[in-house]
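Structure record follows, encoded as structure tokens.
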Amino acid sequence: MIPAAFDYEKAGTIDEAVAALSGGGKILAGGHSLIPAIKFRLSQPDKLVDITGLAALKGIKEEDSEIVIGAGCTHADIAADKLINSKLPFFARGAGMIGDLQVRNHGTIGGSLAHADPGADWPALVLAADAAIEVQGSEGKRRINATDFFTGLFSTALQENEIITAIRIPVPAADTKTSYQKFVQPASRFAIVGCAVMRFADGKTNIAFTGVSDNGFRDSSAEKALSGKAINDATIAEAVNAALQDVRISGDHFASEAYRKHMALVYMKKALLAVA
Amino acid sequence: MSTTNGLIGKSVKRVEDKRFTTGRGNYTDDIILPHQTYASFVRSPYGHAKIISIDTRAAKAMPGVIAIFTGADVADVNGVPCGWQVNFKNGDIMKEPKHPLLVADKARHTGDAVALVIAESKEEAADAVQAINVEYEELPCVVDASKAVQNGAPLVHDDVPGNTCFDWTLGNPIAEVDEAINNSAHVTTLEFVNQRLVPNAIEPRSYNSSYDSAYDRYVLYTSTQNPHLIRLLMCAFVLGIPEHKVRVVGPDVGGGFGSKIFHYTEEALLTWATKKIGRPVKWTSERSESFLLDAHGRDHVTKADMGFDDEGNITALRVKTFANLGAYLSTFASCVPTYLHGTLLQGLYKTPKINVDVTGVFTNTTAVDAYRGAGRPEATYLLERLVDLAAHEMNMDPAELRFKNFIPPFDGVKQPGYQTQVALQYDSGNYEGVLKTGLEMLGYENFRNEQKEAAKNGNLLGVGISTYIEACGIAPSAVVGALGARAGLFEVGQVRVQPTGKVSVYTGSHSHGQGHETTFAQVVADKLGIAMEDVEISHGDTESVAFGMGTYGSRSLAVGGSAIVKSIDKIIEKGKKIAAHKLEASADDMEFADGKFTVKGTDKSVSFGDVALTAYVPHVYPKDLEPGLDFSSFYDPANFTYPFGCHIAVVEVNKETGKVVLKRFVAVDDVGNIINPMIVEGQIHGGIVQGVGQALFEGAEYDDNGQLTNGSYMDYCMPRADDFPMIETATQVTPCPHNPLGVKGAGEAGTIGSTPAVVNAVIDALWSGGHKVKDIRMPLTSERVWTAMQSPNS
Amino acid sequence: MSVKIRVKVNGAEYSHEVEPRLLLVYYLRDVLRLTGTHVGCDTSSCGACAIHLNGKATKSCTILAVQANGCEIATIEGMARNGELHPLQQAFNECHGLQCGFCTPGMIMTAADLLQRNPEPSEGEIRYALEGNFCRCTGYQNIIKSVQYAANKIKEEVIV
């Protein structure tokens, strides 16, 4: 597979990258979504702006009661990170289930979020964690709440000249429980359905899905059915009844609409039981 | 079997491994020739479309472009041929529409080649392909074989009415079989699809063809399983080039599984084009092209009825199959659903009446041909699903029902071979033996108790048995000739003893993973009583190997190995004359053992090495004997070989999701004598995983527009390391009575036996939970299993 | 346009002008003529092209050569040291972990990454680590055994 020709620019700083974007470039992060697309010539950008290795996009730290994950962190970085494993264990688990070992070594969280594949794992995770996506464009930096970020099939609130710089998650209290449950598409290893749950000590429960529809989403009806209540068979049943209202469920070769809906509920149940 | 130095029967580590583990294998795409050019294709994006116009002007002007060819340029060149003639029931010859090197009139499947671009680099070739503008007029498509024969279906070839390539029948007269079915106490009926598979050898097909005008000679490097066969088909049938002017080399080949048997259009087209441009041309398939071009496997739509008397004895079998052949007739496409499928429907059972009826059908899909097992997996699937379902329906134990119906043991020596109702005569067998061993290894009775306990707790465990037989060691030329083969199926083995006693062996068998360089060397070293290191096996080059029919149908050792043994026998016979002369004895008094020629009853002997040297330095030498010690033999087998075995799968089905997890897999295979148990076990493992792939993961899906909707690894589910438990294997040995090694072949056994075992296990699991499901369409995806459990009938 | 890159491959330094669209796998195969790294698919699925980029298993069909600028690369050709095969190379022979050999370099490179991070992997961990490497010949069983064998061998060597 030979991509169409393009120009290449390696950005030395985020500002340089943003400037290059304004000139019609496309960001190359881990490249594990973009390169397959350019190989098939589904995408034929004039210029790639390489941000791999930008130190400013690397690193995972705690700062101002937020966990900050650099957009350039690879899935493998996140899966192995101590802070993530102790404070956001479902991020580590989810990251460890993406693609395969080699893909996790290069694919980045920022690249995955920007690409917004309907079966990607990150959307459910960042949604359930109340994350904000920090982006930088020619107008400067801004934060986009995860709940506002995913706008449709392969589309996000990211403007054309913006780059994701970090994912910021409020540090959960020590007694917060999380779970990510994924029913894997057996060929691609994307999620047919993925359900991420974050359960706080006060009973507040965040429930987010990926794979189920064109884009990841929080299920506020299911959350309402459970929040503040104990998790037991009865409340789970209420959540199941409430879930997936007004959601346009996807259907494909691997899972019809009906089966995907069924599986979303089964996997939500699993996730809820795991945080009970 | 007998051994001189313990090499036969030993798990010798493979001698070919080092080049592969160090990255120094030499696959076709690794080869870059001086002045190399690169080919890329314009391919039809439509399943069926008239080509209105092709505009190559912009592409021709692009940098690096050397030549562009379209269907018009090769209109006078023959298409690629089919190697097996099947006749209609009325005696008419099957329909063989031309398979052109590039299509000019219309594209008949997605991926059909419309134009060839040759450029200085891969990049420039790809860029030019994108710049070629083809105007198409889409035509209606037909992708399903049973629909393609209906009135009014779109015609794939305008001159093939009803899209019917042939209709064909075998076995007892249909009236007799109908009557036996009608009089049966119980009839089990299944209508099912044996789905289309994509072979997916991990090395994509690759060709590199060159022409030397000074010598008027061609060299074609090709990822093939049978270089001589490719040379014969390409030279004699397609291009009309004299064979002695063409060298075909199949270097290291990264897996075949049948898909690299066939003579593909690109091989001939590149060889045609290299002379036109005067430079070597190379093409390597992209994986997405492989999905659309490498001949697919299976794709049968079948209705079958099996009758039983009130004691569970099989009374008759009736089979009607529509076999999808795709858009063109591939090299062996016609024999797979007929002579490799219909002839195996006796299975291991005493079934007294059998009739099989097969219609071969063209559709707007990729050509279908032999894929690991080729016809025999389809036959085994049909039989083993029917028997297992019958046991469930009649409330009998599936193992018991099989024992009741097995053909009793016979060795083919003291007891005669078993004559089936469907043309074949089995060589030797002990079918109850493999099932007994399999049940013991599994702990069958314990499992049934465990299953009952699980069911009480709402968990679905299932066990599935499959017992299979296959026809391998392909094949006695006269027999297959009478059945329509247009080639002999012998094999050639040359053994050249060098003056120093080292041995070079040239075999027409081709190794692309089977380990011939090891196994064949074991045979030669053992028979000659010399060290493995003193033997080297060469294959894959028409220049060094006299002739060959190649590797498929688990034939290499049974046919190719036997040819080598014949040459060894000639060497020993001549060696005895040389040794007798040296020892001043009579050749009749000589015996050869442990690498020495000895005068019987004495201690007078001469070593193999001495004899070799004498053969090439014939100073003291028998008067009428030619110098040298070098023999070539053609071996044409007396019969097919018939490996058999028993595969048992244990699965757990998740009630909530339908997901199937393979918990255990037990395989007992009888492949006759075994030269290298490690390699046989490896073949069995690989075959099983491929067969389980069909049961649980794989299946090509076409939409009504002729688009392959899962033509990539992101959508076509390949079996992976984390899908399997450790497979438990054992072997039984019933030697083949008619070849010198007593071997039967092991390459396809795993694929043939495993698929129905897994499907039977899933069905058994569902029945244990009260879901009396007859069939689930393969692959048994979670959704299909879950849906089956939701059905009100279940 | 073309871009100058410098890379260190199996310990040797190279510098070439390359087109930005050149995939790393084709740089290795066609420019450096290290043909042990193979191409088996076009969707980053099969793992036949796996190499180490700065020590990490990488599908070289999904990285541009220009992205590897300044990096250290190891390929199957560099696994043997001083004429001695890497324990994984020995193990694949010992346990019959290969048949046609096409997937083998990728398998070995991926398994080497696993064993660096996890010297004593369980059977399940090995199977999971190799999910991005397809083999159509072996049914994976003897590949798993090869990795187990190599892990034991490396452990023994460390103890000695």
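Going through the structure tokens in order, the chains are called A, B, and so on, while each chain numbers its residues from 1 and the ligands are numbered from 1 in the order shown.
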>> I want to know what sits within 9 Å of B:Ala59, based on only C-alpha atoms, with residues of the same chain fewer than 4 positions away left out; could you give that as a VMD selection string?
In response: chain B and resid 55 63 65 68 117 127 to 133
> Which residues in chain C does DSSP call strand (DSSP E)? List them as JSON, numbers by chain.
Replying inline: {"C": [3, 4, 5, 6, 7, 8, 9, 12, 13, 14, 15, 16, 17, 18, 50, 51, 52, 53, 56, 57, 58, 59, 72, 73, 74]}
Keeping only N, CA and C atoms, write those residues as a PDB file, in the first residue's frame.
ATOM      1  N   VAL C   3      13.191  13.943   2.442  1.00  0.00           N
ATOM      2  CA  VAL C   3      13.640  14.322   3.779  1.00  0.00           C
ATOM      3  C   VAL C   3      14.831  13.445   4.120  1.00  0.00           C
ATOM      4  N   LYS C   4      15.800  14.052   4.748  1.00  0.00           N
ATOM      5  CA  LYS C   4      16.971  13.265   5.135  1.00  0.00           C
ATOM      6  C   LYS C   4      16.713  12.614   6.491  1.00  0.00           C
ATOM      7  N   ILE C   5      16.952  11.347   6.572  1.00  0.00           N
ATOM      8  CA  ILE C   5      16.807  10.679   7.870  1.00  0.00           C
ATOM      9  C   ILE C   5      18.107   9.973   8.231  1.00  0.00           C
ATOM     10  N   ARG C   6      18.299   9.883   9.550  1.00  0.00           N
ATOM     11  CA  ARG C   6      19.414   9.079  10.083  1.00  0.00           C
ATOM     12  C   ARG C   6      18.814   8.064  11.042  1.00  0.00           C
ATOM     13  N   VAL C   7      19.171   6.851  10.869  1.00  0.00           N
ATOM     14  CA  VAL C   7      18.678   5.820  11.793  1.00  0.00           C
ATOM     15  C   VAL C   7      19.823   4.881  12.144  1.00  0.00           C
ATOM     16  N   LYS C   8      19.648   4.206  13.268  1.00  0.00           N
ATOM     17  CA  LYS C   8      20.603   3.171  13.653  1.00  0.00           C
ATOM     18  C   LYS C   8      19.832   1.861  13.578  1.00  0.00           C
ATOM     19  N   VAL C   9      20.258   0.982  12.691  1.00  0.00           N
ATOM     20  CA  VAL C   9      19.545  -0.280  12.516  1.00  0.00           C
ATOM     21  C   VAL C   9      20.486  -1.432  12.850  1.00  0.00           C
ATOM     22  N   ALA C  12      24.037  -0.437  13.239  1.00  0.00           N
ATOM     23  CA  ALA C  12      24.755   0.290  12.181  1.00  0.00           C
ATOM     24  C   ALA C  12      24.003   1.569  11.826  1.00  0.00           C
ATOM     25  N   GLU C  13      24.746   2.636  11.566  1.00  0.00           N
ATOM     26  CA  GLU C  13      24.118   3.919  11.248  1.00  0.00           C
ATOM     27  C   GLU C  13      23.871   4.042   9.751  1.00  0.00           C
ATOM     28  N   TYR C  14      22.719   4.575   9.416  1.00  0.00           N
ATOM     29  CA  TYR C  14      22.382   4.791   8.011  1.00  0.00           C
ATOM     30  C   TYR C  14      21.830   6.193   7.845  1.00  0.00           C
ATOM     31  N   SER C  15      22.021   6.753   6.670  1.00  0.00           N
ATOM     32  CA  SER C  15      21.431   8.042   6.364  1.00  0.00           C
ATOM     33  C   SER C  15      20.950   8.016   4.918  1.00  0.00           C
ATOM     34  N   HIS C  16      19.699   8.419   4.719  1.00  0.00           N
ATOM     35  CA  HIS C  16      19.138   8.397   3.367  1.00  0.00           C
ATOM     36  C   HIS C  16      18.172   9.559   3.181  1.00  0.00           C
ATOM     37  N   GLU C  17      18.058   9.981   1.944  1.00  0.00           N
ATOM     38  CA  GLU C  17      16.986  10.913   1.565  1.00  0.00           C
ATOM     39  C   GLU C  17      15.775  10.063   1.193  1.00  0.00           C
ATOM     40  N   VAL C  18      14.656  10.296   1.841  1.00  0.00           N
ATOM     41  CA  VAL C  18      13.476   9.481   1.526  1.00  0.00           C
ATOM     42  C   VAL C  18      12.262  10.372   1.278  1.00  0.00           C
ATOM     43  N   ALA C  50       6.619  -6.684  12.260  1.00  0.00           N
ATOM     44  CA  ALA C  50       7.021  -6.173  13.578  1.00  0.00           C
ATOM     45  C   ALA C  50       8.537  -6.071  13.712  1.00  0.00           C
ATOM     46  N   ILE C  51       8.953  -4.951  14.217  1.00  0.00           N
ATOM     47  CA  ILE C  51      10.369  -4.669  14.504  1.00  0.00           C
ATOM     48  C   ILE C  51      10.409  -4.002  15.877  1.00  0.00           C
ATOM     49  N   HIS C  52      11.592  -3.620  16.326  1.00  0.00           N
ATOM     50  CA  HIS C  52      11.668  -2.798  17.538  1.00  0.00           C
ATOM     51  C   HIS C  52      12.088  -1.387  17.144  1.00  0.00           C
ATOM     52  N   LEU C  53      11.294  -0.428  17.581  1.00  0.00           N
ATOM     53  CA  LEU C  53      11.638   0.974  17.377  1.00  0.00           C
ATOM     54  C   LEU C  53      11.914   1.539  18.767  1.00  0.00           C
ATOM     55  N   LYS C  56      10.781  -0.899  21.400  1.00  0.00           N
ATOM     56  CA  LYS C  56       9.393  -1.332  21.532  1.00  0.00           C
ATOM     57  C   LYS C  56       8.894  -1.997  20.247  1.00  0.00           C
ATOM     58  N   ALA C  57       8.165  -3.078  20.404  1.00  0.00           N
ATOM     59  CA  ALA C  57       7.612  -3.772  19.235  1.00  0.00           C
ATOM     60  C   ALA C  57       6.704  -2.825  18.481  1.00  0.00           C
ATOM     61  N   THR C  58       6.917  -2.771  17.185  1.00  0.00           N
ATOM     62  CA  THR C  58       6.267  -1.774  16.343  1.00  0.00           C
ATOM     63  C   THR C  58       5.884  -2.403  15.016  1.00  0.00           C
ATOM     64  N   LYS C  59       4.697  -2.082  14.526  1.00  0.00           N
ATOM     65  CA  LYS C  59       4.321  -2.541  13.199  1.00  0.00           C
ATOM     66  C   LYS C  59       4.912  -1.552  12.192  1.00  0.00           C
ATOM     67  N   GLU C  72      16.515   4.241  17.120  1.00  0.00           N
ATOM     68  CA  GLU C  72      17.231   2.965  17.043  1.00  0.00           C
ATOM     69  C   GLU C  72      16.236   1.887  16.656  1.00  0.00           C
ATOM     70  N   ILE C  73      16.637   1.109  15.675  1.00  0.00           N
ATOM     71  CA  ILE C  73      15.744   0.071  15.159  1.00  0.00           C
ATOM     72  C   ILE C  73      16.445  -1.276  15.293  1.00  0.00           C
ATOM     73  N   ALA C  74      15.675  -2.269  15.698  1.00  0.00           N
ATOM     74  CA  ALA C  74      16.203  -3.641  15.661  1.00  0.00           C
ATOM     75  C   ALA C  74      15.282  -4.470  14.786  1.00  0.00           C
TER      76      ALA C  74
END
>> With only C-alpha atoms as the counted atoms, please give the residues lying no more than 7 Å from B:Gly307, apart from itself and same-chain residues fewer than 6 positions off, as a count of residues only.
In response: 9
> If you run DSSP on this backbone, which residues of stretch 35-255 of chain A come out as alpha helix (DSSP H), and could you give them as a PyMOL selection string?
Replying inline: chain A and resi 35-39+75-80+82-87+89-95+101-106+109-115+122-128+146-149+220-226+233-242
>> Using only C-alpha atoms and a cut-off of 8 Å, which residues of chain B sit close to chain C? Please list them as a PyMOL selection string.
In response: chain B and resi 13-14+17-18+20-25+30+200-204+252-255+286-288+512-515+678-679+682-683+685-690+712-714+718-722+726-727
Requested write-out: N, CA and C atoms of the selected residues, as a short mmCIF file (atom, residue, chain, number, x, y, z; two decimals), in the first residue's frame:
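Contents of the output file again-v8.cif:
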data_model
loop_
_atom_site.label_atom_id
_atom_site.label_comp_id
_atom_site.auth_asym_id
_atom_site.auth_seq_id
_atom_site.Cartn_x
_atom_site.Cartn_y
_atom_site.Cartn_z
N LYS B 13 14.68 -31.97 14.62
CA LYS B 13 14.42 -30.53 14.48
C LYS B 13 14.63 -30.11 13.03
N ARG B 14 13.88 -29.11 12.60
CA ARG B 14 13.89 -28.80 11.17
C ARG B 14 15.18 -28.12 10.73
N ASP B 17 14.84 -24.26 9.46
CA ASP B 17 14.42 -23.17 10.35
C ASP B 17 15.38 -21.99 10.40
N LYS B 18 16.68 -22.30 10.33
CA LYS B 18 17.64 -21.23 10.63
C LYS B 18 17.46 -20.02 9.71
N PHE B 20 14.83 -18.96 8.36
CA PHE B 20 13.59 -18.23 8.67
C PHE B 20 13.69 -17.49 10.01
N THR B 21 14.32 -18.10 11.00
CA THR B 21 14.39 -17.43 12.31
C THR B 21 15.42 -16.31 12.30
N THR B 22 16.26 -16.26 11.29
CA THR B 22 17.26 -15.18 11.23
C THR B 22 16.91 -14.14 10.17
N GLY B 23 15.73 -14.29 9.56
CA GLY B 23 15.30 -13.29 8.59
C GLY B 23 15.95 -13.46 7.23
N ARG B 24 16.47 -14.65 6.96
CA ARG B 24 17.14 -14.83 5.68
C ARG B 24 16.41 -15.77 4.73
N GLY B 25 15.12 -15.96 4.98
CA GLY B 25 14.32 -16.66 3.99
C GLY B 25 14.35 -15.86 2.69
N ASP B 30 11.07 -10.65 -1.82
CA ASP B 30 12.41 -10.24 -1.37
C ASP B 30 13.36 -10.04 -2.55
N ASN B 200 -5.99 -16.76 2.89
CA ASN B 200 -5.17 -15.97 3.79
C ASN B 200 -3.84 -16.58 4.20
N ALA B 201 -3.11 -17.16 3.25
CA ALA B 201 -1.69 -17.42 3.52
C ALA B 201 -1.09 -16.07 3.90
N ILE B 202 -0.21 -16.03 4.88
CA ILE B 202 0.23 -14.72 5.37
C ILE B 202 1.16 -14.04 4.35
N GLU B 203 1.86 -14.83 3.55
CA GLU B 203 2.62 -14.20 2.45
C GLU B 203 1.65 -13.92 1.31
N PRO B 204 1.46 -12.67 0.93
CA PRO B 204 0.61 -12.38 -0.23
C PRO B 204 1.27 -12.92 -1.50
N ASP B 252 11.22 -19.60 -1.41
CA ASP B 252 10.49 -19.78 -0.16
C ASP B 252 9.08 -19.21 -0.35
N VAL B 253 8.11 -19.96 0.08
CA VAL B 253 6.72 -19.56 -0.11
C VAL B 253 6.04 -19.56 1.26
N GLY B 254 5.41 -18.45 1.56
CA GLY B 254 4.85 -18.24 2.90
C GLY B 254 3.44 -18.76 3.06
N GLY B 255 3.32 -20.07 2.99
CA GLY B 255 2.01 -20.70 3.18
C GLY B 255 1.24 -20.73 1.89
N GLU B 286 -1.44 -6.74 -2.66
CA GLU B 286 -1.79 -6.14 -1.38
C GLU B 286 -2.75 -7.12 -0.69
N ARG B 287 -2.83 -7.05 0.61
CA ARG B 287 -3.77 -7.96 1.29
C ARG B 287 -5.20 -7.71 0.82
N SER B 288 -5.54 -6.45 0.60
CA SER B 288 -6.91 -6.18 0.16
C SER B 288 -7.16 -6.77 -1.23
N HIS B 512 6.21 -25.38 1.46
CA HIS B 512 5.92 -24.00 1.86
C HIS B 512 5.43 -24.02 3.29
N GLY B 513 6.21 -24.73 4.11
CA GLY B 513 5.91 -24.84 5.53
C GLY B 513 5.87 -26.27 6.02
N GLN B 514 5.78 -27.22 5.08
CA GLN B 514 5.59 -28.62 5.45
C GLN B 514 6.86 -29.28 5.98
N GLY B 515 8.02 -28.69 5.76
CA GLY B 515 9.25 -29.23 6.31
C GLY B 515 9.86 -30.36 5.52
N MET B 678 6.99 -34.73 15.28
CA MET B 678 6.88 -33.31 15.61
C MET B 678 6.22 -32.53 14.47
N ILE B 679 6.65 -32.86 13.25
CA ILE B 679 6.10 -32.14 12.10
C ILE B 679 4.65 -32.53 11.87
N GLY B 682 2.58 -30.67 14.29
CA GLY B 682 2.48 -29.26 13.89
C GLY B 682 1.46 -29.07 12.78
N GLN B 683 1.44 -29.99 11.82
CA GLN B 683 0.45 -29.92 10.74
C GLN B 683 -0.96 -30.05 11.32
N HIS B 685 -1.98 -29.37 14.42
CA HIS B 685 -2.34 -28.13 15.15
C HIS B 685 -2.84 -27.05 14.19
N GLY B 686 -2.04 -26.82 13.15
CA GLY B 686 -2.37 -25.74 12.23
C GLY B 686 -3.68 -26.00 11.52
N GLY B 687 -3.88 -27.24 11.13
CA GLY B 687 -5.12 -27.61 10.45
C GLY B 687 -6.32 -27.40 11.36
N ILE B 688 -6.17 -27.80 12.60
CA ILE B 688 -7.29 -27.67 13.54
C ILE B 688 -7.67 -26.20 13.71
N VAL B 689 -6.68 -25.36 13.88
CA VAL B 689 -6.98 -23.94 14.11
C VAL B 689 -7.66 -23.34 12.87
N GLN B 690 -7.24 -23.79 11.69
CA GLN B 690 -7.91 -23.31 10.48
C GLN B 690 -9.36 -23.82 10.42
N SER B 712 -11.07 -7.34 4.65
CA SER B 712 -9.83 -6.90 5.29
C SER B 712 -9.75 -7.57 6.65
N TYR B 713 -8.57 -7.53 7.22
CA TYR B 713 -8.40 -8.15 8.55
C TYR B 713 -9.12 -7.37 9.64
N MET B 714 -9.61 -6.19 9.33
CA MET B 714 -10.40 -5.46 10.32
C MET B 714 -11.82 -6.03 10.38
N MET B 718 -9.66 -13.52 11.56
CA MET B 718 -8.68 -14.60 11.54
C MET B 718 -8.54 -15.20 12.94
N PRO B 719 -8.34 -16.51 13.03
CA PRO B 719 -8.07 -17.11 14.34
C PRO B 719 -6.77 -16.56 14.91
N ARG B 720 -6.76 -16.28 16.19
CA ARG B 720 -5.56 -15.70 16.80
C ARG B 720 -5.11 -16.53 18.00
N ALA B 721 -3.92 -16.20 18.46
CA ALA B 721 -3.30 -16.98 19.54
C ALA B 721 -4.20 -17.07 20.76
N ASP B 722 -4.93 -15.98 21.06
CA ASP B 722 -5.69 -15.99 22.31
C ASP B 722 -7.10 -16.56 22.15
N MET B 726 -4.67 -25.20 24.73
CA MET B 726 -3.69 -26.15 24.20
C MET B 726 -4.45 -27.35 23.62
N ILE B 727 -4.14 -27.69 22.40
CA ILE B 727 -4.78 -28.81 21.72
C ILE B 727 -4.12 -30.11 22.18
#
> What lies within 10 Å of A:Ala201 using only C-alpha atoms, ignoring chain neighbours under 5 positions off, as number ranges by chain?
Replying inline: A: 172-177, 228
For the residues in that selection, give me C-alpha atoms as a compact mmCIF listing (two decimals), in the first residue's frame.
# COMPACT_ATOMS: atom_id res chain seq x y z
CA PRO A 172 -11.43 10.90 42.03
CA ALA A 173 -11.78 10.46 45.78
CA ALA A 174 -10.02 7.39 47.11
CA ASP A 175 -13.26 5.46 47.55
CA THR A 176 -14.37 5.93 43.94
CA LYS A 177 -14.86 2.74 41.99
CA GLY A 228 -27.61 7.74 45.01
>> Using only C-alpha atoms, which protein or nucleic acid residues come within 10 Å of stretch 94-100 of chain B? Drop anything in the same chain fewer than 6 positions from it, and give the result as a ChimeraX atom specification.
In response: /B:71,74-82,84-88,112-113,156-161,163-168,238,264-265,269,327-330,334,360,362
> Contacts of B:Pro280 at 12 Å or less, counting only C-alpha atoms, minus same-chain residues fewer than 5 places along, as an MDAnalysis selection string?
Replying inline: chainID B and resid 31:39 66 118:120 207:213 218:221 270:275
